[in-house]
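Data from protein-v2.txt: compact mmCIF, C-alpha atoms and all ligand atoms
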```
# COMPACT_ATOMS: atom_id res chain seq x y z
CA MET A 297 -1.62 -11.23 23.05
CA SER A 298 -1.08 -8.18 20.83
CA CYS A 299 -4.09 -6.17 19.76
CA ILE A 300 -4.47 -6.43 15.98
CA ARG A 301 -6.64 -3.72 14.48
CA SER A 302 -6.07 -3.89 10.71
CA ALA A 303 -6.56 -6.32 7.87
CA TYR A 304 -5.36 -6.51 4.28
CA ILE A 305 -7.10 -8.58 1.61
CA HIS A 306 -5.44 -9.35 -1.71
CA ILE A 307 -7.44 -9.63 -4.94
CA PRO A 308 -4.98 -10.90 -7.54
CA PHE A 309 -6.89 -10.18 -10.76
CA CYS A 310 -6.10 -7.62 -13.44
CA VAL A 311 -7.31 -6.91 -16.96
CA SER A 312 -3.74 -7.23 -18.26
CA LYS A 313 -0.22 -6.96 -16.90
CA CYS A 314 1.39 -3.52 -16.69
CA LEU A 315 4.93 -3.66 -17.99
CA TYR A 316 6.59 -2.53 -14.74
CA CYS A 317 4.48 -4.62 -12.34
CA ASP A 318 5.75 -7.51 -10.23
CA PHE A 319 2.72 -7.81 -7.94
CA THR A 320 0.88 -11.11 -7.83
CA SER A 321 -1.77 -10.33 -10.43
CA PHE A 322 -3.14 -11.99 -13.56
CA SER A 323 -6.26 -12.18 -15.67
CA ALA A 324 -8.93 -14.71 -14.69
CA SER A 325 -12.33 -15.97 -15.77
CA GLU A 326 -15.52 -15.04 -13.93
CA SER A 327 -15.77 -18.52 -12.49
CA GLN A 328 -12.19 -18.35 -11.16
CA ILE A 329 -12.99 -15.02 -9.51
CA ASP A 330 -16.16 -16.55 -8.00
CA ARG A 331 -14.22 -19.48 -6.61
CA TYR A 332 -11.51 -17.19 -5.26
CA VAL A 333 -14.00 -15.05 -3.34
CA GLU A 334 -15.59 -18.16 -1.83
CA ALA A 335 -12.14 -19.44 -0.82
CA LEU A 336 -11.18 -16.07 0.63
CA ILE A 337 -14.30 -15.94 2.77
CA LEU A 338 -13.63 -19.46 3.97
CA GLU A 339 -10.03 -18.61 4.82
CA MET A 340 -11.15 -15.59 6.85
CA ARG A 341 -13.80 -17.63 8.70
CA ARG A 342 -11.33 -20.35 9.64
CA PHE A 343 -8.73 -17.86 10.73
CA ALA A 344 -11.22 -15.89 12.85
CA GLU A 345 -12.37 -19.11 14.56
CA PHE A 346 -8.76 -19.96 15.36
CA GLU A 347 -7.97 -16.43 16.60
CA SER A 348 -11.12 -16.40 18.65
CA ILE A 349 -10.09 -19.57 20.50
CA GLN A 350 -6.61 -18.10 21.11
CA SER A 351 -8.07 -14.92 22.54
CA ALA A 352 -10.83 -16.41 24.69
CA GLY A 353 -13.54 -15.34 22.26
CA VAL A 354 -12.70 -11.64 22.08
CA LEU A 355 -11.30 -10.30 18.81
CA PRO A 356 -10.53 -6.58 18.83
CA ALA A 357 -12.56 -4.59 16.30
CA LEU A 358 -10.66 -3.39 13.23
CA LYS A 359 -9.74 0.25 12.67
CA THR A 360 -8.75 -0.26 9.05
CA LEU A 361 -9.41 -2.66 6.21
CA TYR A 362 -7.57 -2.42 2.89
CA ILE A 363 -8.68 -4.42 -0.14
CA GLY A 364 -5.80 -4.24 -2.59
CA GLY A 365 -4.47 -6.05 -5.59
CA GLY A 366 -4.42 -6.62 -8.41
CA THR A 367 -7.61 -4.84 -9.28
CA PRO A 368 -10.33 -5.36 -6.67
CA SER A 369 -12.71 -3.28 -8.81
CA LEU A 370 -12.92 -6.31 -11.14
CA LEU A 371 -15.02 -8.01 -8.46
CA SER A 372 -18.79 -8.05 -8.82
CA ASN A 373 -21.05 -5.88 -6.64
CA ASN A 374 -22.04 -8.95 -4.68
CA HIS A 375 -18.40 -9.99 -4.14
CA ILE A 376 -17.28 -6.65 -2.72
CA PHE A 377 -20.31 -6.44 -0.46
CA ARG A 378 -19.79 -9.96 0.87
CA ILE A 379 -16.08 -9.48 1.51
CA VAL A 380 -16.53 -6.30 3.59
CA ASP A 381 -19.61 -7.71 5.28
CA THR A 382 -17.78 -10.93 6.20
CA VAL A 383 -14.93 -8.96 7.77
CA ARG A 384 -17.50 -6.97 9.76
CA ALA A 385 -19.26 -10.14 10.94
CA LEU A 386 -16.03 -11.90 11.93
CA PHE A 387 -13.97 -9.10 13.47
CA GLY A 388 -16.23 -6.05 13.70
CA PHE A 389 -15.15 -2.47 13.05
CA VAL A 390 -14.57 0.39 15.46
CA PRO A 391 -16.81 3.44 14.92
CA ASP A 392 -15.60 5.38 11.85
CA PRO A 393 -13.16 2.78 10.50
CA GLU A 394 -11.14 3.40 7.33
CA ILE A 395 -12.21 0.88 4.68
CA THR A 396 -10.33 1.23 1.40
CA VAL A 397 -10.67 -0.51 -1.93
CA GLU A 398 -8.19 -0.19 -4.79
CA MET A 399 -9.65 0.57 -8.21
CA ASN A 400 -8.29 0.90 -11.68
CA PRO A 401 -9.97 3.17 -14.24
CA ASN A 402 -12.46 1.56 -16.56
CA THR A 403 -12.93 -1.60 -14.50
CA SER A 404 -16.24 -1.05 -12.75
CA GLY A 405 -19.26 1.17 -12.49
CA ILE A 406 -21.42 3.01 -10.00
CA ASP A 407 -23.09 -0.22 -8.80
CA PHE A 408 -19.78 -1.61 -7.55
CA LEU A 409 -19.15 1.61 -5.63
CA ASN A 410 -22.68 1.63 -4.21
CA SER A 411 -22.25 -1.95 -2.96
CA PHE A 412 -18.89 -1.05 -1.43
CA ILE A 413 -20.45 1.96 0.34
CA GLU A 414 -23.47 -0.07 1.44
CA ALA A 415 -21.09 -2.55 3.09
CA GLY A 416 -19.35 0.35 4.91
CA GLY A 417 -16.55 1.25 2.48
CA ASN A 418 -15.43 4.88 2.56
CA ARG A 419 -12.11 5.30 0.74
CA VAL A 420 -10.84 4.50 -2.76
CA SER A 421 -7.26 4.27 -3.95
CA LEU A 422 -7.20 4.80 -7.71
CA GLY A 423 -4.34 3.73 -9.98
CA VAL A 424 -3.88 6.77 -12.23
CA GLN A 425 -0.08 6.60 -12.66
CA SER A 426 0.00 9.38 -15.29
CA LEU A 427 -2.37 11.59 -17.26
CA ASP A 428 -0.12 11.54 -20.32
CA GLU A 429 -1.41 9.15 -23.01
CA ASP A 430 2.05 8.27 -24.35
CA LEU A 431 3.37 7.46 -20.88
CA LEU A 432 0.28 5.38 -20.07
CA ALA A 433 0.80 3.41 -23.28
CA SER A 434 4.52 3.01 -22.58
CA MET A 435 3.67 1.42 -19.20
CA GLY A 436 1.11 -0.93 -20.74
CA ARG A 437 -1.71 0.57 -18.67
CA ALA A 438 -5.13 -0.64 -19.77
CA HIS A 439 -6.83 2.78 -19.69
CA THR A 440 -6.62 6.32 -21.00
CA ALA A 441 -6.14 9.55 -19.07
CA GLN A 442 -9.77 10.49 -19.70
CA GLU A 443 -10.91 7.16 -18.25
CA ALA A 444 -8.92 7.91 -15.09
CA LEU A 445 -10.62 11.30 -14.79
CA ASP A 446 -14.02 9.70 -15.46
CA ALA A 447 -13.32 7.18 -12.67
CA ILE A 448 -12.65 10.03 -10.24
CA GLY A 449 -15.98 11.60 -11.24
CA LEU A 450 -17.76 8.29 -10.74
CA ILE A 451 -16.29 7.71 -7.28
CA GLN A 452 -17.25 11.23 -6.22
CA GLN A 453 -20.73 10.83 -7.71
CA ALA A 454 -21.15 7.70 -5.58
CA GLY A 455 -20.37 9.84 -2.52
CA ILE A 456 -16.76 8.90 -1.70
CA LEU A 457 -14.61 12.00 -1.31
CA ASN A 458 -11.68 10.32 0.44
CA ILE A 459 -9.82 9.33 -2.73
CA SER A 460 -6.14 8.61 -3.13
CA CYS A 461 -4.49 8.65 -6.56
CA ASP A 462 -1.19 6.92 -7.40
CA LEU A 463 1.30 8.53 -9.76
CA ILE A 464 4.63 7.17 -11.02
CA ILE A 465 7.69 9.34 -11.54
CA GLY A 466 11.04 8.56 -13.14
CA LEU A 467 9.54 7.07 -16.31
CA PRO A 468 11.65 7.20 -19.47
CA ASN A 469 10.82 10.40 -21.42
CA GLN A 470 8.74 11.84 -18.58
CA LYS A 471 9.16 15.58 -17.91
CA ILE A 472 8.80 17.50 -14.67
CA ASP A 473 6.18 19.80 -16.26
CA GLN A 474 4.03 16.77 -17.15
CA VAL A 475 3.94 15.49 -13.58
CA ILE A 476 3.22 18.94 -12.17
CA SER A 477 0.38 19.33 -14.66
CA ASP A 478 -1.03 15.88 -13.64
CA ILE A 479 -0.92 16.95 -10.01
CA ASP A 480 -2.70 20.23 -10.78
CA ILE A 481 -5.49 18.35 -12.55
CA LEU A 482 -5.89 15.90 -9.64
CA VAL A 483 -5.89 18.76 -7.14
CA GLN A 484 -8.55 20.59 -9.17
CA LYS A 485 -10.61 17.41 -9.13
CA GLY A 486 -10.56 17.50 -5.32
CA ILE A 487 -8.13 14.62 -4.72
CA ARG A 488 -6.90 14.89 -1.16
CA HIS A 489 -4.30 12.13 -1.08
CA ILE A 490 -1.62 11.59 -3.72
CA SER A 491 1.01 8.83 -3.67
CA VAL A 492 4.04 9.44 -5.86
CA TYR A 493 6.16 6.36 -6.44
CA SER A 494 9.53 6.34 -8.16
CA LEU A 495 9.79 3.76 -10.91
CA SER A 496 11.83 0.78 -9.85
CA LEU A 497 12.83 -2.01 -12.19
CA GLU A 498 11.61 -5.26 -10.66
CA GLU A 499 13.07 -8.58 -11.68
CA GLY A 500 10.95 -10.55 -14.13
CA THR A 501 9.04 -7.55 -15.49
CA VAL A 502 9.04 -6.41 -19.12
CA PHE A 503 10.55 -3.09 -18.02
CA ALA A 504 13.46 -4.84 -16.29
CA GLN A 505 14.18 -6.82 -19.47
CA ARG A 506 13.69 -3.86 -21.76
CA TYR A 507 16.05 -1.56 -19.91
CA ALA A 508 18.60 -4.09 -18.63
CA GLU A 509 20.77 -3.66 -21.70
CA SER A 510 19.96 -0.07 -22.46
CA ILE A 511 20.14 1.55 -19.08
CA GLU A 512 20.86 4.89 -20.78
CA ARG A 513 17.19 4.97 -21.91
CA LEU A 514 16.11 5.32 -18.28
CA MET A 515 15.73 8.70 -16.64
CA PRO A 516 19.06 9.90 -15.23
CA GLU A 517 19.04 9.65 -11.44
CA ASP A 518 19.73 13.34 -10.84
CA TYR A 519 16.76 14.34 -13.03
CA GLU A 520 14.53 11.83 -11.21
CA ARG A 521 15.55 13.36 -7.87
CA LYS A 522 14.88 16.84 -9.29
CA MET A 523 11.43 15.61 -10.31
CA TYR A 524 10.77 14.21 -6.83
CA HIS A 525 11.75 17.49 -5.18
CA ALA A 526 9.67 19.52 -7.66
CA VAL A 527 6.65 17.32 -6.91
CA ARG A 528 7.25 17.59 -3.19
CA ASN A 529 7.61 21.39 -3.22
CA HIS A 530 4.58 21.79 -5.45
CA LEU A 531 2.29 19.63 -3.33
CA ILE A 532 3.47 21.30 -0.12
CA SER A 533 2.80 24.75 -1.69
CA LEU A 534 -0.77 23.56 -2.38
CA GLY A 535 -1.36 22.64 1.27
CA TYR A 536 -0.58 18.91 1.13
CA ARG A 537 1.39 17.43 3.99
CA HIS A 538 4.35 15.32 2.96
CA TYR A 539 3.85 12.66 5.62
CA GLU A 540 5.70 9.65 4.19
CA ILE A 541 8.47 9.32 1.59
CA SER A 542 5.98 8.74 -1.24
CA ASN A 543 2.76 10.09 0.25
CA PHE A 544 1.10 13.50 0.43
CA ALA A 545 -2.26 14.41 1.92
CA ILE A 546 -4.43 17.31 2.91
CA PRO A 547 -4.20 17.11 6.74
CA GLY A 548 -6.77 14.62 8.02
CA PHE A 549 -6.68 12.54 4.82
CA GLU A 550 -3.48 10.58 5.53
CA SER A 551 -3.86 6.82 5.00
CA ARG A 552 -4.62 5.33 8.40
CA HIS A 553 -4.04 1.81 7.08
CA ASN A 554 -0.57 2.49 5.71
CA SER A 555 0.35 4.49 8.81
CA MET A 556 -0.29 1.28 10.73
CA TYR A 557 2.40 -0.49 8.63
CA TRP A 558 4.87 2.34 9.20
CA SER A 559 4.36 2.19 12.94
CA ALA A 560 5.29 -1.54 12.84
CA SER A 561 1.88 -2.65 14.12
CA GLU A 562 0.57 -6.15 13.57
CA TYR A 563 -2.13 -6.88 10.97
CA TYR A 564 -4.00 -9.75 9.38
CA GLY A 565 -3.50 -10.60 5.70
CA PHE A 566 -5.87 -12.78 3.67
CA GLY A 567 -5.79 -14.14 0.14
CA LEU A 568 -3.21 -15.16 -2.39
CA ALA A 569 0.25 -13.62 -1.80
CA ALA A 570 -1.02 -11.62 1.17
CA HIS A 571 1.30 -10.97 4.10
CA SER A 572 0.36 -10.89 7.76
CA TYR A 573 2.22 -9.78 10.85
CA VAL A 574 0.56 -11.76 13.60
CA HIS A 575 1.77 -12.56 17.12
CA SER A 576 5.38 -11.64 16.27
CA ASN A 577 5.37 -13.73 13.07
CA ARG A 578 5.66 -12.36 9.56
CA ILE A 579 3.69 -14.77 7.40
CA GLY A 580 3.61 -14.93 3.61
CA HIS A 581 0.86 -16.63 1.61
CA ILE A 582 1.48 -18.77 -1.47
CA GLU A 583 1.15 -17.18 -4.93
CA ASP A 584 -0.35 -20.02 -6.96
CA LEU A 585 -4.10 -19.72 -7.49
CA ASP A 586 -4.85 -23.43 -7.99
CA THR A 587 -2.89 -24.42 -4.88
CA TYR A 588 -4.72 -21.74 -2.92
CA LEU A 589 -8.15 -22.85 -4.14
CA SER A 590 -7.53 -26.53 -3.54
CA ASN A 591 -6.02 -26.16 -0.05
CA VAL A 592 -8.19 -23.54 1.56
CA THR A 593 -10.79 -26.13 2.58
CA GLY A 594 -8.76 -29.05 3.82
CA ASN A 595 -5.21 -27.91 4.43
CA PRO A 596 -4.92 -24.26 5.52
CA GLU A 597 -1.25 -24.73 6.52
CA ALA A 598 -0.49 -25.23 2.82
CA LEU A 599 -1.48 -21.59 2.19
CA VAL A 600 1.61 -20.40 4.04
CA SER A 601 4.77 -19.99 1.97
CA GLU A 602 6.93 -18.56 4.75
CA CYS A 603 6.71 -17.79 8.42
CA VAL A 604 9.44 -15.77 10.09
CA SER A 605 9.44 -15.26 13.80
CA ILE A 606 10.38 -11.69 14.69
CA ASP A 607 12.45 -11.50 17.85
CA VAL A 608 12.75 -8.36 19.89
CA GLU A 609 15.97 -7.23 18.19
CA GLU A 610 14.35 -7.58 14.79
CA GLU A 611 11.27 -5.74 16.03
CA GLN A 612 13.39 -2.83 17.25
CA LYS A 613 15.08 -2.56 13.86
CA GLU A 614 11.76 -2.73 12.02
CA PHE A 615 10.31 -0.08 14.29
CA PHE A 616 13.13 2.26 13.27
CA LEU A 617 13.28 1.30 9.60
CA LEU A 618 9.54 1.65 9.02
CA GLY A 619 9.23 4.70 11.25
CA LEU A 620 11.90 6.57 9.30
CA ARG A 621 9.71 6.29 6.20
CA MET A 622 7.43 8.83 7.87
CA ILE A 623 8.51 12.42 7.52
CA ASP A 624 7.96 13.01 11.26
CA GLY A 625 10.28 10.06 11.83
CA VAL A 626 10.63 8.01 14.99
CA SER A 627 9.80 9.20 18.47
CA VAL A 628 12.46 8.24 21.00
CA ASN A 629 9.80 8.28 23.74
CA HIS A 630 7.65 5.82 21.80
CA PHE A 631 10.69 3.62 21.29
CA ILE A 632 11.43 3.66 25.02
CA GLU A 633 7.76 2.97 25.86
CA ARG A 634 7.73 -0.05 23.54
CA PHE A 635 11.18 -1.48 24.19
CA GLY A 636 12.39 0.06 27.44
CA LYS A 637 15.67 1.10 25.86
CA LEU A 638 17.26 4.15 24.29
CA PRO A 639 17.66 3.72 20.50
CA GLU A 640 21.12 5.32 20.69
CA ASP A 641 22.26 2.43 22.90
CA LEU A 642 21.15 -0.09 20.26
CA PHE A 643 21.92 1.70 17.01
CA ARG A 644 25.34 3.35 17.10
CA ILE A 645 24.89 4.14 13.41
CA LEU A 646 22.36 6.87 14.25
CA GLU A 647 25.15 9.22 15.30
CA LYS A 648 26.99 8.71 12.00
CA HIS A 649 23.88 9.35 9.90
CA VAL A 650 23.22 12.54 11.88
CA SER A 651 26.79 13.73 11.35
CA ASP A 652 26.56 12.83 7.61
CA GLY A 653 23.43 14.98 7.36
CA LEU A 654 21.11 12.09 6.44
CA LEU A 655 19.21 12.13 9.73
CA GLU A 656 18.16 14.96 12.00
CA HIS A 657 17.73 14.48 15.75
CA GLN A 658 15.50 17.15 17.23
CA PHE A 659 13.57 17.08 20.48
CA ASP A 660 12.48 13.46 20.85
CA ARG A 661 12.54 12.50 17.15
CA TYR A 662 14.89 11.10 14.54
CA TYR A 663 13.85 11.84 10.97
CA LEU A 664 15.28 11.90 7.44
CA THR A 665 16.66 15.24 6.28
CA LEU A 666 16.01 16.50 2.73
CA LYS A 667 19.34 14.95 1.77
CA GLY A 668 18.34 11.79 3.67
CA LEU A 669 15.17 11.49 1.56
CA ASP A 670 17.41 11.02 -1.48
CA PHE A 671 19.61 8.47 0.26
CA ALA A 672 16.94 6.76 2.34
CA ASN A 673 17.98 3.30 1.17
CA LEU A 674 21.48 3.87 2.54
CA VAL A 675 19.99 4.60 5.95
CA PHE A 676 17.47 1.74 5.79
CA ARG A 677 20.20 -0.73 4.89
CA ASP A 678 21.58 -0.36 8.41
CA PHE A 679 18.31 -1.58 9.93
CA VAL A 680 17.80 -4.63 7.71
S1 LIG A 701 -3.13 -2.72 -12.53
FE1 LIG A 701 -1.71 -2.66 -10.78
S2 LIG A 701 -1.56 -4.77 -10.02
FE2 LIG A 701 -2.52 -4.84 -12.06
S3 LIG A 701 -0.81 -5.24 -13.44
FE3 LIG A 701 -1.10 -3.00 -13.37
S4 LIG A 701 0.27 -2.29 -11.72
FE4 LIG A 701 0.05 -4.52 -11.51
```
Have the structure of the file written as structure tokens, please.
Amino acid sequence: MSCIRSAYIHIPFCVSKCLYCDFTSFSASESQIDRYVEALILEMRRFAEFESIQSAGVLPALKTLYIGGGTPSLLSNNHIFRIVDTVRALFGFVPDPEITVEMNPNTSGIDFLNSFIEAGGNRVSLGVQSLDEDLLASMGRAHTAQEALDAIGLIQQAGILNISCDLIIGLPNQKIDQVISDIDILVQKGIRHISVYSLSLEEGTVFAQRYAESIERLMPEDYERKMYHAVRNHLISLGYRHYEISNFAIPGFESRHNSMYWSASEYYGFGLAAHSYVHSNRIGHIEDLDTYLSNVTGNPEALVSECVSIDVEEEQKEFFLLGLRMIDGVSVNHFIERFGKLPEDLFRILEKHVSDGLLEHQFDRYYLTLKGLDFANLVFRDFV
């Protein structure tokens, strides 16, 4: 049996829907949130009982827990405490685990953070996206720039210094100077982890509809790439390590939870629309709240919307595809340790990508070049 050391919990509630967002998230009443938390706790209990039987009563302690969404900071103090505490009781944590909660500005106060810390939480990922009021409004974000800065102050006041902030680049009318200025403000505020995501138009979102017929209103691709490189160079000049395509951190503050995904490790996923990778199966949960609430007690199988068995060939591809997201890339020695084979014998395409200048092969690692960062999807396509 594989040793699973991470868990993800999905909280699907938001104040309102951002115009670019296709995550499973929606507004809900207090009583729906209450019922969801009860169902979630029940789902985790049942799953842990089942896992415990499979593993002769010994479940490995978790190194990371990530409570994402949605907006988990819409939960009450009691909810957040109970969720973390339940995970601790069922699975246990290793010493010094990474326990992250996602927050959005203006959604909770110091009491929520104190409850999270009391339960063992130690990291917050804050959805800032931009510090420009016009851009925030254009995305339909439910907060101002000042509220984002106030949220950072509140998190620090509560005693959490391991804070990650998300920014979006490639927004219509966004300028490189604006993003650099946002980064400078976050750096001055002591933010040690910054994720910079390029806008992508997801099917079914207001943005996708809005720009489908007026594609010329979007940022030209070459300017978006220029923005990405400017952000990258700026953060590196300030001492941040570019450790994954979209992620930068002061050394020691890299996300341990996300690094687990990129190393193709297995993990538990709980809640609506959560995904798990358990015992060589990728499992997706259903996205309908009522179906989730009504089946969690009597029919847990009904919570699963898909289950794909990952054979060894698929696992080898995933190992490469996910590993190449990291700037250090994929270690050939690790690949051989895990699969007993040379990647070059399995993936002839590696040689072509090296000769096209998209991949570099140095010492025991394959990694994306600067040019490869701009054409990463072309490389990834060969491992899907
Ligand atoms: S806050 Fe996050 S999850 Fe909620 S709608 Fe906005 S982008 Fe989506």
- Message: Around ligand LIG 701 (chain A), which protein and nucleic acid residues have at least one atom no more than 12 Å from it, if we count only C-alpha atoms and all ligand atoms? List them as a PyMOL selection string.
- Response: chain A and resi 306-323+364-370+398-403+421-425+432-433+435-439+462-464+493+495+498+501-502
- A:His489, A:His375, A:His530, A:Arg521: which is nearest Ala335 in chain A, counting all atoms listed in the file? A:His375
- Item | CA of Ile476 in chain A to CA of Gly535 in chain A, distance in Å rounded to a single decimal | 14.7 Å
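Remark: for Arg378 in chain A, the closest of the candidate residues A:Glu339, A:Glu334, A:Glu517, A:Asp392 is A:Glu334 (distances computed over only C-alpha atoms).
The gap separating CA of Gly668 in chain A from CA of Asp518 in chain A is 14.7 Å, in Å to one decimal.
The smallest atom-to-atom distance between His581 in chain A and any of A:Ile305, A:Pro516, A:Pro356, A:Arg537, using only C-alpha atoms, is found for A:Ile305.
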Around the point (-7.0, 18.8, 8.1) (coordinates from the file), which residues reach within 10 Å if we count only C-alpha atoms? Answer as a PDB file with C-alpha atoms, in the coordinates of the input.
```
ATOM      1  CA  GLY A 535      -1.360  22.640   1.270  1.00  0.00           C
ATOM      2  CA  TYR A 536      -0.580  18.910   1.130  1.00  0.00           C
ATOM      3  CA  ARG A 537       1.390  17.430   3.990  1.00  0.00           C
ATOM      4  CA  ALA A 545      -2.260  14.410   1.920  1.00  0.00           C
ATOM      5  CA  ILE A 546      -4.430  17.310   2.910  1.00  0.00           C
ATOM      6  CA  PRO A 547      -4.200  17.110   6.740  1.00  0.00           C
ATOM      7  CA  GLY A 548      -6.770  14.620   8.020  1.00  0.00           C
ATOM      8  CA  PHE A 549      -6.680  12.540   4.820  1.00  0.00           C
ATOM      9  CA  GLU A 550      -3.480  10.580   5.530  1.00  0.00           C
TER      10      GLU A 550
END
```
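Ranking A:Leu497, A:Leu386, A:Leu618, A:Leu531 by their shortest atom-to-atom distance to Ser561 in chain A, with all atoms listed in the file included, puts A:Leu618 first.
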- Task: With a distance cut-off of 10 Å and all atoms listed in the file, select the neighbouring residues of Ser559 in chain A, excluding the residue or stretch itself and same-chain residues fewer than 4 positions from it, and output the selection as a list of chain:residue names.
- Result: A:Asn554, A:Ser555, A:Glu614, A:Phe615, A:Phe616, A:Leu617, A:Leu618, A:Gly619, A:Leu620, A:Arg621, A:Met622, A:Gly625, A:Val626
- Message: Give me the residues near Pro596 in chain A as a VMD selection string, where near means some atom within 12 Å (using all atoms listed in the file) and where sequence neighbours in that chain fewer than 3 positions away do not count.
- Response: chain A and resid 335 to 336 338 to 343 346 566 to 567 581 to 582 587 to 593 599 to 601
- Skipping near chain neighbours, those fewer than 6 positions away, what residues fall within 10 Å of Ile448 in chain A using all atoms listed in the file, listed as a PyMOL selection string? chain A and resi 401+420+422+424+442+454+456-457+459-461+482+485-487
- Message: Could you list, as a list in words, every residue within 9 Å of range 641-657 of chain A, counting all atoms listed in the file and ignoring same-chain residues fewer than 2 positions away?
- Response: Gln612, Lys613, Lys637, Leu638, Pro639, Phe659, Asp660, Arg661, Tyr662, Tyr663, Leu664, Thr665, Leu666, Lys667, Gly668, Leu669, Asp670, Phe671, Ala672, Val675, Asp678 and Phe679 of chain A
